[in-house]
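**Student:** For reference, this is model.cif, and it has mmCIF, C-alpha atoms.
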```cif
data_final
#
loop_
_atom_site.label_atom_id
_atom_site.label_comp_id
_atom_site.auth_asym_id
_atom_site.auth_seq_id
_atom_site.Cartn_x
_atom_site.Cartn_y
_atom_site.Cartn_z
CA MET A 69 79.11 187.11 -92.55
CA ILE A 70 81.87 187.68 -95.13
CA ASP A 71 84.92 189.33 -93.55
CA LYS A 72 84.93 193.08 -94.33
CA GLN A 73 88.61 192.89 -95.44
CA VAL A 74 87.54 190.49 -98.22
CA ILE A 75 84.76 192.88 -99.32
CA GLY A 76 87.20 195.81 -99.36
CA ILE A 77 89.76 193.94 -101.43
CA ALA A 78 87.09 192.66 -103.87
CA ALA A 79 85.68 196.20 -104.25
CA GLY A 80 89.19 197.58 -104.82
CA VAL A 81 90.05 194.97 -107.42
CA LEU A 82 86.77 195.63 -109.29
CA THR A 83 87.18 199.42 -109.37
CA ALA A 84 90.88 199.15 -110.27
CA THR A 85 90.27 196.70 -113.11
CA SER A 86 87.15 198.48 -114.41
CA LEU A 87 89.25 200.36 -116.95
CA ILE A 88 90.60 197.17 -118.55
CA PRO A 89 87.56 196.62 -120.84
CA GLN A 90 87.92 200.24 -122.05
CA VAL A 91 91.68 199.92 -122.66
CA VAL A 92 91.18 196.61 -124.54
CA LYS A 93 88.34 198.09 -126.66
CA SER A 94 90.41 201.17 -127.54
CA LEU A 95 93.47 199.08 -128.44
CA LYS A 96 91.38 196.73 -130.63
CA GLU A 97 89.24 199.31 -132.40
CA LYS A 98 91.72 202.22 -132.36
CA LYS A 99 88.63 204.47 -131.99
CA VAL A 100 88.14 206.70 -128.93
CA GLU A 101 85.84 209.32 -130.40
CA GLY A 102 83.13 209.08 -127.71
CA VAL A 103 85.58 208.74 -124.82
CA SER A 104 86.13 211.72 -122.50
CA PRO A 105 89.81 212.40 -121.67
CA TRP A 106 88.81 214.46 -118.61
CA MET A 107 87.41 211.36 -116.98
CA PHE A 108 90.93 209.86 -116.83
CA VAL A 109 92.45 213.10 -115.56
CA VAL A 110 89.96 213.18 -112.65
CA LEU A 111 90.31 209.42 -112.07
CA PHE A 112 94.10 209.79 -112.07
CA ALA A 113 93.85 212.42 -109.31
CA GLY A 114 91.34 210.29 -107.36
CA ASN A 115 93.31 207.04 -107.64
CA GLY A 116 96.52 208.91 -106.80
CA LEU A 117 94.97 210.38 -103.65
CA TRP A 118 93.53 206.98 -102.64
CA ALA A 119 97.03 205.46 -103.05
CA TYR A 120 98.45 208.24 -100.85
CA TYR A 121 95.62 207.56 -98.35
CA GLY A 122 96.64 203.89 -98.35
CA ILE A 123 100.28 204.83 -97.71
CA ILE A 124 99.22 206.90 -94.68
CA LEU A 125 97.15 203.98 -93.37
CA LYS A 126 99.87 201.50 -94.38
CA ASP A 127 97.04 199.55 -96.08
CA ALA A 128 98.49 197.38 -98.87
CA PRO A 129 95.21 196.55 -100.69
CA ILE A 130 94.30 200.25 -101.01
CA ILE A 131 97.81 201.10 -102.24
CA ILE A 132 98.06 198.26 -104.75
CA THR A 133 94.55 198.56 -106.26
CA ASN A 134 94.86 202.33 -106.66
CA ALA A 135 98.43 202.24 -107.97
CA PHE A 136 97.13 199.83 -110.62
CA GLY A 137 94.27 202.29 -111.23
CA VAL A 138 96.76 205.13 -111.80
CA ILE A 139 98.60 203.02 -114.41
CA MET A 140 95.29 202.28 -116.17
CA ASP A 141 94.33 205.98 -116.14
CA ILE A 142 97.65 207.00 -117.72
CA THR A 143 97.38 204.19 -120.32
CA MET A 144 93.86 205.24 -121.31
CA PHE A 145 94.83 208.92 -121.52
CA ILE A 146 97.72 208.04 -123.86
CA LEU A 147 95.41 205.91 -126.04
CA LYS A 148 92.89 208.77 -126.17
CA MET A 149 95.60 211.18 -127.37
CA LYS A 150 97.03 208.63 -129.81
CA TYR A 151 93.73 207.71 -131.50
CA LYS A 152 91.79 210.93 -131.02
CA ASP A 153 91.72 211.74 -134.75
CA ASN A 154 90.60 208.26 -135.87
CA LYS A 155 87.01 208.31 -137.19
CA MET B 33 100.07 217.26 -92.17
CA ILE B 34 96.64 217.19 -93.87
CA ASP B 35 94.19 215.10 -91.86
CA LYS B 36 93.77 211.65 -93.48
CA GLN B 37 89.97 211.97 -93.28
CA VAL B 38 90.19 214.99 -95.61
CA ILE B 39 92.39 213.04 -98.06
CA GLY B 40 89.95 210.12 -98.02
CA ILE B 41 86.95 212.34 -98.68
CA ALA B 42 88.77 214.26 -101.45
CA ALA B 43 89.83 210.98 -103.10
CA GLY B 44 86.29 209.64 -102.83
CA VAL B 45 84.77 212.77 -104.35
CA LEU B 46 87.26 212.69 -107.25
CA THR B 47 86.70 209.02 -108.10
CA ALA B 48 82.92 209.35 -107.69
CA THR B 49 82.72 212.44 -109.92
CA SER B 50 85.19 211.15 -112.51
CA LEU B 51 82.32 209.84 -114.63
CA ILE B 52 80.66 213.27 -114.91
CA PRO B 53 82.85 214.47 -117.85
CA GLN B 54 81.98 211.24 -119.71
CA VAL B 55 78.24 211.55 -119.01
CA VAL B 56 78.26 215.22 -120.11
CA LYS B 57 80.23 214.42 -123.30
CA SER B 58 77.87 211.54 -124.19
CA LEU B 59 74.77 213.67 -123.56
CA LYS B 60 76.15 216.56 -125.66
CA GLU B 61 77.52 214.56 -128.58
CA LYS B 62 75.07 211.63 -128.45
CA LYS B 63 78.01 209.47 -129.63
CA VAL B 64 79.36 206.62 -127.52
CA GLU B 65 80.99 204.54 -130.22
CA GLY B 66 84.41 204.16 -128.53
CA VAL B 67 83.01 203.74 -125.02
CA SER B 68 83.09 200.27 -123.43
CA PRO B 69 79.82 199.26 -121.66
CA TRP B 70 81.67 196.58 -119.67
CA MET B 71 83.63 199.25 -117.87
CA PHE B 72 80.41 200.53 -116.27
CA VAL B 73 79.23 197.03 -115.39
CA VAL B 74 82.50 196.34 -113.52
CA LEU B 75 82.52 199.84 -111.98
CA PHE B 76 78.88 199.33 -110.88
CA ALA B 77 79.89 196.12 -109.06
CA GLY B 78 82.95 197.83 -107.53
CA ASN B 79 81.13 200.96 -106.40
CA GLY B 80 78.28 198.81 -105.07
CA LEU B 81 80.68 196.70 -103.01
CA TRP B 82 82.49 199.82 -101.71
CA ALA B 83 79.10 201.25 -100.64
CA TYR B 84 78.34 197.95 -98.84
CA TYR B 85 81.84 198.14 -97.25
CA GLY B 86 81.02 201.66 -96.06
CA ILE B 87 77.72 200.45 -94.56
CA ILE B 88 79.59 197.76 -92.61
CA LEU B 89 82.09 200.36 -91.34
CA LYS B 90 79.27 202.90 -90.85
CA ASP B 91 81.51 205.32 -92.81
CA ALA B 92 79.33 208.02 -94.39
CA PRO B 93 81.90 209.40 -96.90
CA ILE B 94 82.54 205.93 -98.37
CA ILE B 95 78.78 205.25 -98.59
CA ILE B 96 77.87 208.59 -100.15
CA THR B 97 80.71 208.80 -102.71
CA ASN B 98 80.15 205.23 -103.88
CA ALA B 99 76.35 205.50 -103.94
CA PHE B 100 76.85 208.52 -106.21
CA GLY B 101 79.27 206.40 -108.27
CA VAL B 102 76.61 203.68 -108.67
CA ILE B 103 74.14 206.28 -110.00
CA MET B 104 76.75 207.55 -112.48
CA ASP B 105 77.54 204.00 -113.65
CA ILE B 106 73.85 203.26 -114.29
CA THR B 107 73.41 206.60 -116.09
CA MET B 108 76.39 205.97 -118.35
CA PHE B 109 75.27 202.41 -119.11
CA ILE B 110 71.82 203.71 -120.15
CA LEU B 111 73.42 206.38 -122.37
CA LYS B 112 75.66 203.75 -123.97
CA MET B 113 72.61 201.58 -124.79
CA LYS B 114 70.59 204.58 -125.98
CA TYR B 115 73.21 206.01 -128.34
CA LYS B 116 75.10 202.85 -129.30
CA ASP B 117 73.97 202.94 -132.94
CA ASN B 118 74.80 206.65 -133.48
CA LYS B 119 77.78 207.09 -135.84
#
```
When written as structure tokens, how does the structure in this file appear?
**Tutor:**
Amino acid sequence: MIDKQVIGIAAGVLTATSLIPQVVKSLKEKKVEGVSPWMFVVLFAGNGLWAYYGIILKDAPIIITNAFGVIMDITMFILKMKYKDNK
Amino acid sequence: MIDKQVIGIAAGVLTATSLIPQVVKSLKEKKVEGVSPWMFVVLFAGNGLWAYYGIILKDAPIIITNAFGVIMDITMFILKMKYKDNK
């Protein structure tokens, strides 16, 4: 059976990098009309808390994947504000 | 100090519910032009793996929050396909 640490790291990498396709699409098309900014505010809080949780557990994979998630959330929120008037 | 179990559950609830503002916005506006479908494919894989990770650990909060996340990912992917041609 696959080691559970590997599954946890793979899951963390997938959830952390899930925003990349959205950031790339927004940068390319400069259109974010259908995108909800609140999603990134809530995700920012969730990823931030998970990173804090990882610090308490001294669990590097949880810290790194969620710190990366926080950076993605901030990036996407900035892009949403920057392109929000583009039709 | 706040119990780490509480922090973990709060973080899980936030990340699981982060898609709700996007689902609500897409349902209301019926416009998903700027939304990337690939994000929900990757999130689906990540949430699915986290749920599997929770099953291995027999950790209810991880299972429940990520099972809810999987349902949100599928919902959002369906909405993206349904409204993708709406300008």
**Student:** Check what the PyMOL selection byres ((chain A and resi 86-93) around 9) selects in the file above and give those residues as a list in words.
**Tutor:**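 Matching residues under the PyMOL selection byres ((chain A and resi 86-93) around 9) are Val81, Leu82, Thr83, Ala84, Thr85, Ser94, Leu95, Lys96, Glu97, Lys98, Lys99, Val100, Gly137, Met140, Asp141, Thr143, Met144 and Leu147 of chain A; Gly66, Val67, Ser68, Pro69, Trp70, Met71, Phe72, Val73, Val74, Leu75 and Gly78 of chain B.
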**Student:** Go through A:Phe145, A:Tyr151, A:Trp118, A:Phe136 and flag the residue nearest chain B, using only C-alpha atoms for the distances.
**Tutor:** A:Trp118
**Student:** Show me, as JSON, the centre and edge lengths in Å to one decimal of the axis-aligned box that covers every listed atom of range 107-115 of chain A with 6 Å on each side.
**Tutor:**
```
{"center_x": 90.8, "center_y": 210.1, "center_z": -112.2, "size_x": 18.7, "size_y": 18.1, "size_z": 21.6}
```
**Student:** Which residues match the PyMOL selection byres ((chain A and resi 155) around 7) in the file above, as a list of chain:residue names?
**Tutor:**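 Written out, the selection comes to A:Lys99, A:Glu101, A:Asp153, A:Asn154.
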**Student:** Give the answer as one residue: which of A:Asp127, A:Lys152, A:Asn134, A:Gly76 has the shortest atom-to-atom distance to chain B, using only C-alpha atoms?
**Tutor:**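 Distance minimum relative to chain B lands on A:Gly76.
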**Student:** Looking at all atoms listed in the file, which of B:Ile34, B:Ile96, B:Ile103, B:Ile110 is the one that sits closest to chain A?
**Tutor:** B:Ile34
**Student:** CA of Asp35 in chain B and CA of Asp71 in chain A, how far apart in Å?
**Tutor:**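 Separation of CA of Asp71 in chain A and CA of Asp35 in chain B: 27.4 Å.
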**Student:** Could you tell me how far CA of Gly80 in chain A lies from CA of Lys112 in chain B, in Å and to one decimal?
**Tutor:**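 Going from CA of Gly80 in chain A over to CA of Lys112 in chain B, I get 24.2 Å.
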**Student:** At what distance in Å, to one decimal, does CA of Leu117 in chain A lie from CA of Ile39 in chain B?
**Tutor:**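 Interatomic distance here is 6.7 Å.
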**Student:** Under the rule that all atoms listed in the file are counted, which of A:Gln73, A:Ile142, A:Ala79, A:Ala119 is the nearest residue to chain B?
**Tutor:**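 Using all atoms listed in the file, the shortest distance to chain B belongs to A:Ala79.
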